[in-house]
Structures are given as structure tokens and as C-alpha cells.
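**Q** The structure is given below, and queries will be raised subsequently.
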Amino acid sequence: MKTQPQAGKGARLSAVQGIPDVPVRKRKSVLYNLGKFKVLYLMFLPGILFLLVNNYMPMFGVLIAFKNVNYADGIWGSPWSGWDNFKYLFSTSDAWEITRNTLAYNTVFIALNLFVGVGLAILLNEVKNKAMSKLYQSLMLLPYFLSMIVVSYLVLAFLGKDSGFMNSTILQLFGGQPIDWYSEPKYWPYILPLVNIWKNIGYYAVIYLAAVVGIDEEYYEAAVLDGASKWHQIRFITVPFLVPLIVIMTLLQIGRIFYADFSLFYQVPLESGALFPVTNVLDTYVYRTFLIGGDIGMSSAAGLYQAVVGFVLVLVSNTIVRRMDKDNALF
């Protein structure tokens, strides 16, 4: 009896079942693909060049964080300082305060942008009059396009000590005493989140509204036939459909959790020194301490620290989301 040559499992199955062998396609070389799709790659080239020049070439600037920059010698000629710029950043007495303020405020901002944004999007979706719906969206978006300097003067008009609306009208109406808002730190952990949500909530609401509008109406019609109330429709249809977008928006905001809104914390409190314990964040601290002093090495160290921590937080958050539900992960 002759010994049959060894063959793969697929070949044996093909022989037994009479399935004709399918010729195996050879993998095309990179040069072959470049030649075949050269037009598409040429169209892709401007975007690649823009990304390299605009996003990756400036990354060589992180070297400044490890140098004791001397303007006479330039960046390359300046001596290396190792981790000294980072040690100085964390050895100051303000390190804990600015880290606490930056993280706490951004955590509150992320939570408010999520819950208030989703809530407003759902409410706007219930407005059946298209003209009124567009009017509400426009009114909510208007503060988003205002400069923070304009916003700071609006806040001053509201909280000014002598002629502010709160002191001259609201507090007098209820028999309260005028408050020097710009000298009382205890009020600002509430004022700053209110200003931030007023200015930015229109932007987030419109994004979530775009996703809500895209949900197929047949889901709601089937739910109504099954006797679902409006609350049940929101809970079991609208919110589950919004989860992927909520996860992406939250992950993007977590990536910038160490970046504070400089204009919000610098312009709105009007640089009041009495408020520094609750308004001093990493960005304003870097501006006041490093840029005014002219030491770009230390300011670069702070910027690199923000970027690395934000990148790590995005990776960790995305890993957690992937383990819970990989379909909702960012990557």
C-alpha cells in the first residue's frame, strides 16, 4: 500500500467533499500597491505633509523641557538640565493646590457637560416646532462664540460690588447684604462651573442632539405600541443609542483633564489675588510663574507633563471601556 503524501486539512476536506481547490492569492508587494493606487496616494500626500509639519515636527520642542535655555546659545547650544525643570515644578508649595484645582474643576466640567448636554439634547428633540427648536439651539450656541473677555465683563456686570446686578437687585430684593464677590474665594468653586456650563453647553447639546435625531423613529413607535412611557423611551432607547458618543466625548475630555481653560480662570476672576487659592490652575500658574519670568524650559516642562498625563489617562480610560464593552472603545 502506497503512502499518501501529507496534505492540509482543507485539502483533505476538498478531496472528500469534491470541492474544487481555490487558488491561493499571493500577497501583493508594497511597490505593486503603490503603483496600482498611485493616484490615491498622491491625493493622500498633502494631508500627510500637513500632519507631519503641523503636528509632529513641533514635537521636537519637547527638548526644551530638558534644557536650561540660554537665548545667546540658542536651543541646541544651551546646556542640558536633566529633570531639574520638572523637580522645580513639583517642589513648589503651589504644586498640590494647582493640581487639585485643575483636576477638580475639569472633573466637574466633564460631568456637567455630559449630564446637562444630554438632558438638553433630549428636551430639544421633544420640541416639534422646527422654528422654535432652531431658535433654542441658536440661543444656546450664542455664548459659545463669545470671547472670554466679553464673558468676564458680563460676569463683572452681574457680580460687581457696587453696581452689580446681584448686589444692587437680587440681594436687596431678599434683604441680603452686598457681597464683595471678587474677594470671597468660597463662592468661586460654584461660579466658575456655572460660567463654564453657560458658555459651552450649547456646543455639547447640539452634538448630542445630532445623535438623538439620527435614532430610527421605528424604535419609538414600537415602544409606544408596547405601552412604553416617555421616560421608558428615553431610558431604554435614547440613552443606549447615545452611549458610544458619550464614551468618545468623555474620553476626549479626559485627555485634556490636565489642561484648564486659561481664559476662564485668568479673565473671569479678573486676576484677583484673594481668589488664587481656588482659581489658580496649572495653565495660569505656568503663565504667571514661568512665562512672565522668561524661563521657557520650566513652562515647557509643565506643558510636557500635561500632555503625558493626559495621554496616559486616555489610554487607561480607553482600556477600561474596552474591557467593559470593546465596541464603545475609542481604539
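Residues in the C-alpha cells are named by chain (A, B, ... in the order shown) and by number from 1 within that chain; ligands are numbered from 1 in the order shown.
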From a DSSP calculation on the backbone, collect every residue of stretch 137-199 of chain A in alpha helix (DSSP H) and output the set as number ranges by chain.

**A** A: 137-141, 148-159, 165, 171-173, 188-199

**Q** Compile the contact shell of stretch 295-311 of chain A as a VMD selection string: residues with an atom at most 8 Å away, counting only C-alpha atoms, same-chain residues fewer than 5 positions apart removed.

**A** chain A and resid 62 64 to 69 85 to 86 88 to 89 254 to 259 282 286 to 287 290

**Q** Select, from A:Leu49, A:Ala228, A:Leu159, A:Val278, the residue with the minimum atom-to-atom distance to A:Pro185, counting only C-alpha atoms.

**A** A:Val278

**Q** Set the distance at 8 Å and use only C-alpha atoms: which residues neighbour stretch 235-252 of chain A once local chain neighbours fewer than 4 positions away are removed? I'd like the list as number ranges by chain.

**A** A: 110, 114, 208, 211-212, 215, 219-220, 231, 256, 314, 317-318, 327-330

**Q** How would the residues just chosen look if you wrote them out with C-alpha atoms as a CSV table (one decimal), in the first residue's frame?

**A**
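Wrote again-v1.csv, looks like this:
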```csv
chain,number,residue,atom,x,y,z
A,110,ILE,CA,-16.9,66.9,32.3
A,114,LEU,CA,-22.3,65.2,29.9
A,208,TYR,CA,-25.8,65.1,21.3
A,211,ALA,CA,-27.1,61.8,17.5
A,212,VAL,CA,-30.6,61.7,19.1
A,215,ILE,CA,-32.2,57.4,16.0
A,219,TYR,CA,-37.9,52.1,17.8
A,220,TYR,CA,-40.1,54.7,19.4
A,231,TRP,CA,-39.3,58.1,30.4
A,256,ARG,CA,-7.3,67.2,28.4
A,314,VAL,CA,-6.8,58.4,27.7
A,317,SER,CA,-9.8,55.1,30.3
A,318,ASN,CA,-10.0,53.5,26.9
A,327,ASP,CA,-17.5,48.2,20.7
A,328,ASN,CA,-17.6,51.5,22.7
A,329,ALA,CA,-13.8,51.9,23.0
A,330,LEU,CA,-12.2,54.8,21.1
```

**Q** What are the closest atom pairs, with distances in Å to one decimal, for all residues of stretch 213-317 of chain A lying within 10 Å of stretch 128-150 of chain A? Consider only C-alpha atoms, order rows by chain and residue number, and present the result as a Markdown table.

**A**
```
| residue | atom | partner | partner_atom | distance |
| --- | --- | --- | --- | --- |
| A:Asp261 | CA | A:Met148 | CA | 9.9 |
| A:Phe262 | CA | A:Met148 | CA | 9.6 |
| A:Ser263 | CA | A:Met148 | CA | 6.0 |
| A:Leu264 | CA | A:Met148 | CA | 6.6 |
| A:Phe265 | CA | A:Met148 | CA | 9.9 |
| A:Tyr266 | CA | A:Met148 | CA | 9.5 |
| A:Gln267 | CA | A:Ile149 | CA | 6.2 |
| A:Val268 | CA | A:Met148 | CA | 7.4 |
| A:Leu270 | CA | A:Ile149 | CA | 9.7 |
```

**Q** Generate the output file for the selected residues, N, CA, C and O atoms, as a CSV table (one decimal), in the first residue's frame.

**A**
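The file below, out_20.csv, is the result:
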```csv
chain,number,residue,atom,x,y,z
A,261,ASP,N,-9.0,75.7,31.2
A,261,ASP,CA,-9.4,76.8,30.3
A,261,ASP,C,-8.7,78.0,30.8
A,261,ASP,O,-9.2,78.7,31.7
A,262,PHE,N,-7.6,78.4,30.1
A,262,PHE,CA,-6.8,79.5,30.6
A,262,PHE,C,-7.7,80.8,30.7
A,262,PHE,O,-7.6,81.5,31.7
A,263,SER,N,-8.4,81.1,29.7
A,263,SER,CA,-9.2,82.3,29.7
A,263,SER,C,-10.2,82.3,30.8
A,263,SER,O,-10.5,83.4,31.4
A,264,LEU,N,-10.8,81.2,31.1
A,264,LEU,CA,-11.9,81.1,32.1
A,264,LEU,C,-11.2,81.5,33.5
A,264,LEU,O,-11.8,82.3,34.3
A,265,PHE,N,-10.1,80.9,33.8
A,265,PHE,CA,-9.5,81.0,35.1
A,265,PHE,C,-8.7,82.3,35.2
A,265,PHE,O,-8.3,82.7,36.3
A,266,TYR,N,-8.3,82.9,34.1
A,266,TYR,CA,-7.5,84.1,34.1
A,266,TYR,C,-8.3,85.3,34.0
A,266,TYR,O,-8.1,86.3,34.7
A,267,GLN,N,-9.3,85.3,33.0
A,267,GLN,CA,-10.0,86.5,32.7
A,267,GLN,C,-11.2,86.7,33.7
A,267,GLN,O,-11.4,87.8,34.2
A,268,VAL,N,-11.9,85.7,33.9
A,268,VAL,CA,-13.2,85.8,34.7
A,268,VAL,C,-13.0,86.3,36.1
A,268,VAL,O,-13.7,87.2,36.6
A,270,LEU,N,-10.7,88.1,37.1
A,270,LEU,CA,-10.0,89.4,37.0
A,270,LEU,C,-8.7,89.5,37.7
A,270,LEU,O,-8.3,90.5,38.3
```

**Q** My list of candidates is A:Val224, A:Ser152, A:Val312, A:Thr99. Which is closest to A:Asn280 when distances are computed with only C-alpha atoms?

**A**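 Residue with the minimum atom-to-atom distance to A:Asn280: A:Thr99.
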
**Q** Hey, can you check how far atom CA of A:Ala121 sits from atom CA of A:Gly202?

**A**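 The value is 9.3 Å.
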
**Q** Could you check how far atom CA of A:Trp96 sits from atom CA of A:Val281, in Å to one decimal?

**A**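 Atom-to-atom, atom CA of A:Trp96 to atom CA of A:Val281, that is 10.1 Å.
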
**Q** Grab the atom CA of A:Val321 to atom CA of A:Met59 distance for me, in Å with one decimal place.

**A**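 These atoms are spaced 28.6 Å apart.
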
**Q** Near A:Ser272, within 8 Å and counting only C-alpha atoms, which residues show up once chain neighbours fewer than 3 positions away are dropped, as a list in words?

**A**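 Non-adjacent residues within range: Tyr182, Ser183, Pro269, Leu275 and Phe276 of chain A.
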
**Q** Write the residues of the preceding selection, restricted to all heavy atoms, as a short mmCIF file (atom, residue, chain, number, x, y, z; two decimals), in the first residue's frame.

**A**
```cif
data_model
loop_
_atom_site.label_atom_id
_atom_site.label_comp_id
_atom_site.auth_asym_id
_atom_site.auth_seq_id
_atom_site.Cartn_x
_atom_site.Cartn_y
_atom_site.Cartn_z
N TYR A 182 -15.41 89.34 44.43
CA TYR A 182 -14.04 89.13 43.95
C TYR A 182 -13.02 89.08 45.10
O TYR A 182 -11.83 89.08 44.86
CB TYR A 182 -13.67 90.23 42.95
CG TYR A 182 -14.41 90.06 41.64
CD1 TYR A 182 -15.65 90.66 41.43
CD2 TYR A 182 -13.88 89.29 40.62
CE1 TYR A 182 -16.34 90.51 40.24
CE2 TYR A 182 -14.56 89.12 39.41
CZ TYR A 182 -15.78 89.74 39.23
OH TYR A 182 -16.46 89.56 38.05
N SER A 183 -13.51 89.06 46.34
CA SER A 183 -12.62 88.90 47.49
C SER A 183 -13.02 87.71 48.33
O SER A 183 -12.44 87.50 49.40
CB SER A 183 -12.64 90.17 48.36
OG SER A 183 -12.20 91.29 47.63
N PRO A 269 -11.99 85.74 36.84
CA PRO A 269 -11.77 86.25 38.22
C PRO A 269 -11.03 87.58 38.25
O PRO A 269 -10.75 88.09 39.34
CB PRO A 269 -10.90 85.15 38.86
CG PRO A 269 -10.99 83.97 37.96
CD PRO A 269 -11.19 84.52 36.60
N LEU A 275 -8.44 85.38 45.26
CA LEU A 275 -9.11 84.17 44.76
C LEU A 275 -8.14 83.10 44.29
O LEU A 275 -8.57 82.03 43.86
CB LEU A 275 -10.04 84.55 43.59
CG LEU A 275 -11.09 85.62 43.88
CD1 LEU A 275 -11.92 85.88 42.63
CD2 LEU A 275 -11.99 85.20 45.03
N PHE A 276 -6.84 83.38 44.36
CA PHE A 276 -5.87 82.43 43.84
C PHE A 276 -5.99 81.02 44.44
O PHE A 276 -5.80 80.03 43.74
CB PHE A 276 -4.44 82.95 44.05
CG PHE A 276 -4.03 83.97 43.02
CD1 PHE A 276 -2.81 84.63 43.13
CD2 PHE A 276 -4.84 84.27 41.94
CE1 PHE A 276 -2.42 85.57 42.18
CE2 PHE A 276 -4.47 85.21 40.99
CZ PHE A 276 -3.26 85.86 41.12
#
```

**Q** Nearest residue to A:Asn106 out of A:Pro189, A:Gly273, A:Gly294, A:Gly214, using only C-alpha atoms?

**A**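 Going through A:Pro189, A:Gly273, A:Gly294, A:Gly214 one by one, the smallest distance to A:Asn106 is for A:Pro189.
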